[in-house]
Amino acid sequence: MNRPGPAGLLVLLAFSVPVIIEAHTVLAYLGIDIAPSVYYPASIALTLLIVGVLWLWPEGGSNSGKATEA
């Protein structure tokens, strides 16, 4: 997997905001009631962790240490 650029990460963050909000609504609809004071900070922390891992992913993915010539 190639690391996404800064624009790709911003798009990922932009799409994650409504997903986080709607996921809380769906969980409440399913009967899983999580307090917003717990859900939103935890979901924001998880989103930032995912973005941080993608940001720090080595350029070129898992083949970054190997020659790619065929």
# chains A, B, ... in the order shown; residues from 1 in each chain; ligands from 1
$ residues_around --residues "stretch 40-56 of chain A" --least-positions-apart "5" --cutoff "7 Å" --atoms "only C-alpha atoms" --output "ChimeraX atom specification"
/A:3,9,20
$ write_last_selection --atoms "all heavy atoms" --output "PDB file, in the first residue's frame"
ATOM      1  N   ARG A   3       1.559   5.173   0.681  1.00  0.00           N
ATOM      2  CA  ARG A   3       1.100   6.152   1.672  1.00  0.00           C
ATOM      3  C   ARG A   3       0.334   7.257   0.954  1.00  0.00           C
ATOM      4  O   ARG A   3       0.792   7.802  -0.050  1.00  0.00           O
ATOM      5  CB  ARG A   3       2.304   6.737   2.395  1.00  0.00           C
ATOM      6  CG  ARG A   3       1.941   7.732   3.470  1.00  0.00           C
ATOM      7  CD  ARG A   3       3.158   8.190   4.208  1.00  0.00           C
ATOM      8  NE  ARG A   3       4.046   8.948   3.372  1.00  0.00           N
ATOM      9  CZ  ARG A   3       4.146  10.284   3.400  1.00  0.00           C
ATOM     10  NH1 ARG A   3       3.429  10.967   4.232  1.00  0.00           N
ATOM     11  NH2 ARG A   3       4.974  10.901   2.606  1.00  0.00           N
ATOM     12  N   LEU A   9      -5.098  12.547   2.934  1.00  0.00           N
ATOM     13  CA  LEU A   9      -5.395  12.478   4.366  1.00  0.00           C
ATOM     14  C   LEU A   9      -6.457  13.499   4.770  1.00  0.00           C
ATOM     15  O   LEU A   9      -7.293  13.217   5.626  1.00  0.00           O
ATOM     16  CB  LEU A   9      -4.115  12.694   5.173  1.00  0.00           C
ATOM     17  CG  LEU A   9      -3.123  11.537   5.135  1.00  0.00           C
ATOM     18  CD1 LEU A   9      -1.852  11.912   5.867  1.00  0.00           C
ATOM     19  CD2 LEU A   9      -3.722  10.284   5.715  1.00  0.00           C
ATOM     20  N   ILE A  20     -18.361   9.416  11.826  1.00  0.00           N
ATOM     21  CA  ILE A  20     -18.320   9.353  13.294  1.00  0.00           C
ATOM     22  C   ILE A  20     -19.669   9.756  13.884  1.00  0.00           C
ATOM     23  O   ILE A  20     -20.200   9.097  14.783  1.00  0.00           O
ATOM     24  CB  ILE A  20     -17.195  10.258  13.840  1.00  0.00           C
ATOM     25  CG1 ILE A  20     -15.836   9.641  13.523  1.00  0.00           C
ATOM     26  CG2 ILE A  20     -17.345  10.498  15.323  1.00  0.00           C
ATOM     27  CD1 ILE A  20     -14.673  10.559  13.814  1.00  0.00           C
TER      28      ILE A  20
END
$ select_by_dssp --residues "chain A" --states "helix (DSSP H, G or I)" --output "ChimeraX atom specification"
/A:6-29,36-56,61-63
$ write_last_selection --atoms "N, CA and C atoms" --output "compact mmCIF listing (two decimals), in the first residue's frame"
# COMPACT_ATOMS: atom_id res chain seq x y z
N PRO A 6 -0.80 14.38 1.60
CA PRO A 6 -1.52 15.27 2.51
C PRO A 6 -2.97 15.54 2.06
N ALA A 7 -3.18 15.69 0.77
CA ALA A 7 -4.54 15.94 0.29
C ALA A 7 -5.42 14.72 0.53
N GLY A 8 -4.89 13.53 0.33
CA GLY A 8 -5.66 12.32 0.59
C GLY A 8 -6.02 12.17 2.05
N LEU A 9 -5.10 12.55 2.93
CA LEU A 9 -5.39 12.48 4.37
C LEU A 9 -6.46 13.50 4.77
N LEU A 10 -6.44 14.66 4.15
CA LEU A 10 -7.47 15.66 4.44
C LEU A 10 -8.84 15.19 3.96
N VAL A 11 -8.88 14.53 2.81
CA VAL A 11 -10.14 13.97 2.32
C VAL A 11 -10.62 12.88 3.27
N LEU A 12 -9.70 12.04 3.74
CA LEU A 12 -10.06 11.00 4.71
C LEU A 12 -10.64 11.62 5.98
N LEU A 13 -10.02 12.67 6.48
CA LEU A 13 -10.54 13.35 7.67
C LEU A 13 -11.90 13.97 7.41
N ALA A 14 -12.08 14.55 6.23
CA ALA A 14 -13.36 15.18 5.90
C ALA A 14 -14.48 14.15 5.86
N PHE A 15 -14.21 12.97 5.32
CA PHE A 15 -15.24 11.93 5.26
C PHE A 15 -15.45 11.25 6.61
N SER A 16 -14.46 11.31 7.47
CA SER A 16 -14.60 10.62 8.76
C SER A 16 -15.53 11.37 9.72
N VAL A 17 -15.66 12.68 9.56
CA VAL A 17 -16.51 13.45 10.48
C VAL A 17 -17.97 13.00 10.41
N PRO A 18 -18.61 12.96 9.22
CA PRO A 18 -20.00 12.49 9.22
C PRO A 18 -20.13 11.01 9.57
N VAL A 19 -19.12 10.22 9.26
CA VAL A 19 -19.17 8.79 9.62
C VAL A 19 -19.18 8.63 11.14
N ILE A 20 -18.36 9.42 11.83
CA ILE A 20 -18.32 9.35 13.29
C ILE A 20 -19.67 9.76 13.88
N ILE A 21 -20.26 10.82 13.36
CA ILE A 21 -21.55 11.29 13.88
C ILE A 21 -22.65 10.27 13.61
N GLU A 22 -22.70 9.75 12.39
CA GLU A 22 -23.75 8.80 12.04
C GLU A 22 -23.55 7.46 12.73
N ALA A 23 -22.32 7.06 13.02
CA ALA A 23 -22.08 5.81 13.72
C ALA A 23 -22.66 5.88 15.14
N HIS A 24 -22.56 7.03 15.77
CA HIS A 24 -23.16 7.19 17.09
C HIS A 24 -24.67 7.07 17.01
N THR A 25 -25.26 7.61 15.96
CA THR A 25 -26.71 7.51 15.77
C THR A 25 -27.13 6.07 15.53
N VAL A 26 -26.37 5.35 14.71
CA VAL A 26 -26.70 3.95 14.42
C VAL A 26 -26.55 3.09 15.67
N LEU A 27 -25.52 3.33 16.45
CA LEU A 27 -25.35 2.58 17.69
C LEU A 27 -26.52 2.82 18.64
N ALA A 28 -26.98 4.05 18.74
CA ALA A 28 -28.13 4.36 19.60
C ALA A 28 -29.39 3.68 19.06
N TYR A 29 -29.54 3.62 17.74
CA TYR A 29 -30.68 2.95 17.13
C TYR A 29 -30.66 1.46 17.44
N PRO A 36 -22.12 10.61 24.87
CA PRO A 36 -21.34 11.42 23.94
C PRO A 36 -20.02 11.91 24.51
N SER A 37 -19.97 12.13 25.83
CA SER A 37 -18.72 12.59 26.44
C SER A 37 -17.64 11.52 26.41
N VAL A 38 -18.03 10.27 26.17
CA VAL A 38 -17.07 9.18 26.03
C VAL A 38 -16.85 8.83 24.57
N TYR A 39 -17.95 8.78 23.80
CA TYR A 39 -17.88 8.33 22.41
C TYR A 39 -17.07 9.26 21.53
N TYR A 40 -17.37 10.55 21.58
CA TYR A 40 -16.72 11.48 20.65
C TYR A 40 -15.21 11.63 20.90
N PRO A 41 -14.75 11.78 22.14
CA PRO A 41 -13.28 11.83 22.32
C PRO A 41 -12.59 10.52 21.91
N ALA A 42 -13.24 9.39 22.19
CA ALA A 42 -12.63 8.10 21.81
C ALA A 42 -12.59 7.94 20.29
N SER A 43 -13.65 8.34 19.61
CA SER A 43 -13.66 8.21 18.15
C SER A 43 -12.70 9.19 17.50
N ILE A 44 -12.55 10.37 18.06
CA ILE A 44 -11.58 11.34 17.53
C ILE A 44 -10.16 10.83 17.75
N ALA A 45 -9.90 10.27 18.92
CA ALA A 45 -8.57 9.71 19.19
C ALA A 45 -8.25 8.56 18.25
N LEU A 46 -9.23 7.69 17.99
CA LEU A 46 -9.02 6.57 17.07
C LEU A 46 -8.78 7.07 15.65
N THR A 47 -9.54 8.08 15.23
CA THR A 47 -9.36 8.64 13.89
C THR A 47 -7.97 9.28 13.76
N LEU A 48 -7.55 10.02 14.76
CA LEU A 48 -6.22 10.64 14.71
C LEU A 48 -5.11 9.58 14.74
N LEU A 49 -5.34 8.48 15.45
CA LEU A 49 -4.37 7.39 15.45
C LEU A 49 -4.25 6.78 14.06
N ILE A 50 -5.36 6.55 13.40
CA ILE A 50 -5.34 5.99 12.05
C ILE A 50 -4.65 6.94 11.09
N VAL A 51 -4.98 8.22 11.16
CA VAL A 51 -4.33 9.21 10.28
C VAL A 51 -2.84 9.29 10.58
N GLY A 52 -2.47 9.24 11.86
CA GLY A 52 -1.05 9.27 12.22
C GLY A 52 -0.29 8.07 11.69
N VAL A 53 -0.90 6.89 11.77
CA VAL A 53 -0.25 5.69 11.23
C VAL A 53 -0.09 5.81 9.72
N LEU A 54 -1.13 6.29 9.05
CA LEU A 54 -1.03 6.47 7.60
C LEU A 54 0.00 7.53 7.24
N TRP A 55 0.10 8.58 8.05
CA TRP A 55 1.07 9.65 7.79
C TRP A 55 2.50 9.15 7.95
N LEU A 56 2.72 8.28 8.94
CA LEU A 56 4.06 7.78 9.21
C LEU A 56 4.41 6.51 8.44
N GLY A 61 5.19 1.82 0.60
CA GLY A 61 4.55 0.66 1.17
C GLY A 61 5.51 -0.36 1.71
N SER A 62 5.16 -1.64 1.62
CA SER A 62 5.96 -2.70 2.23
C SER A 62 7.20 -3.02 1.41
N ASN A 63 7.31 -2.56 0.19
CA ASN A 63 8.47 -2.84 -0.65
C ASN A 63 9.49 -1.72 -0.62
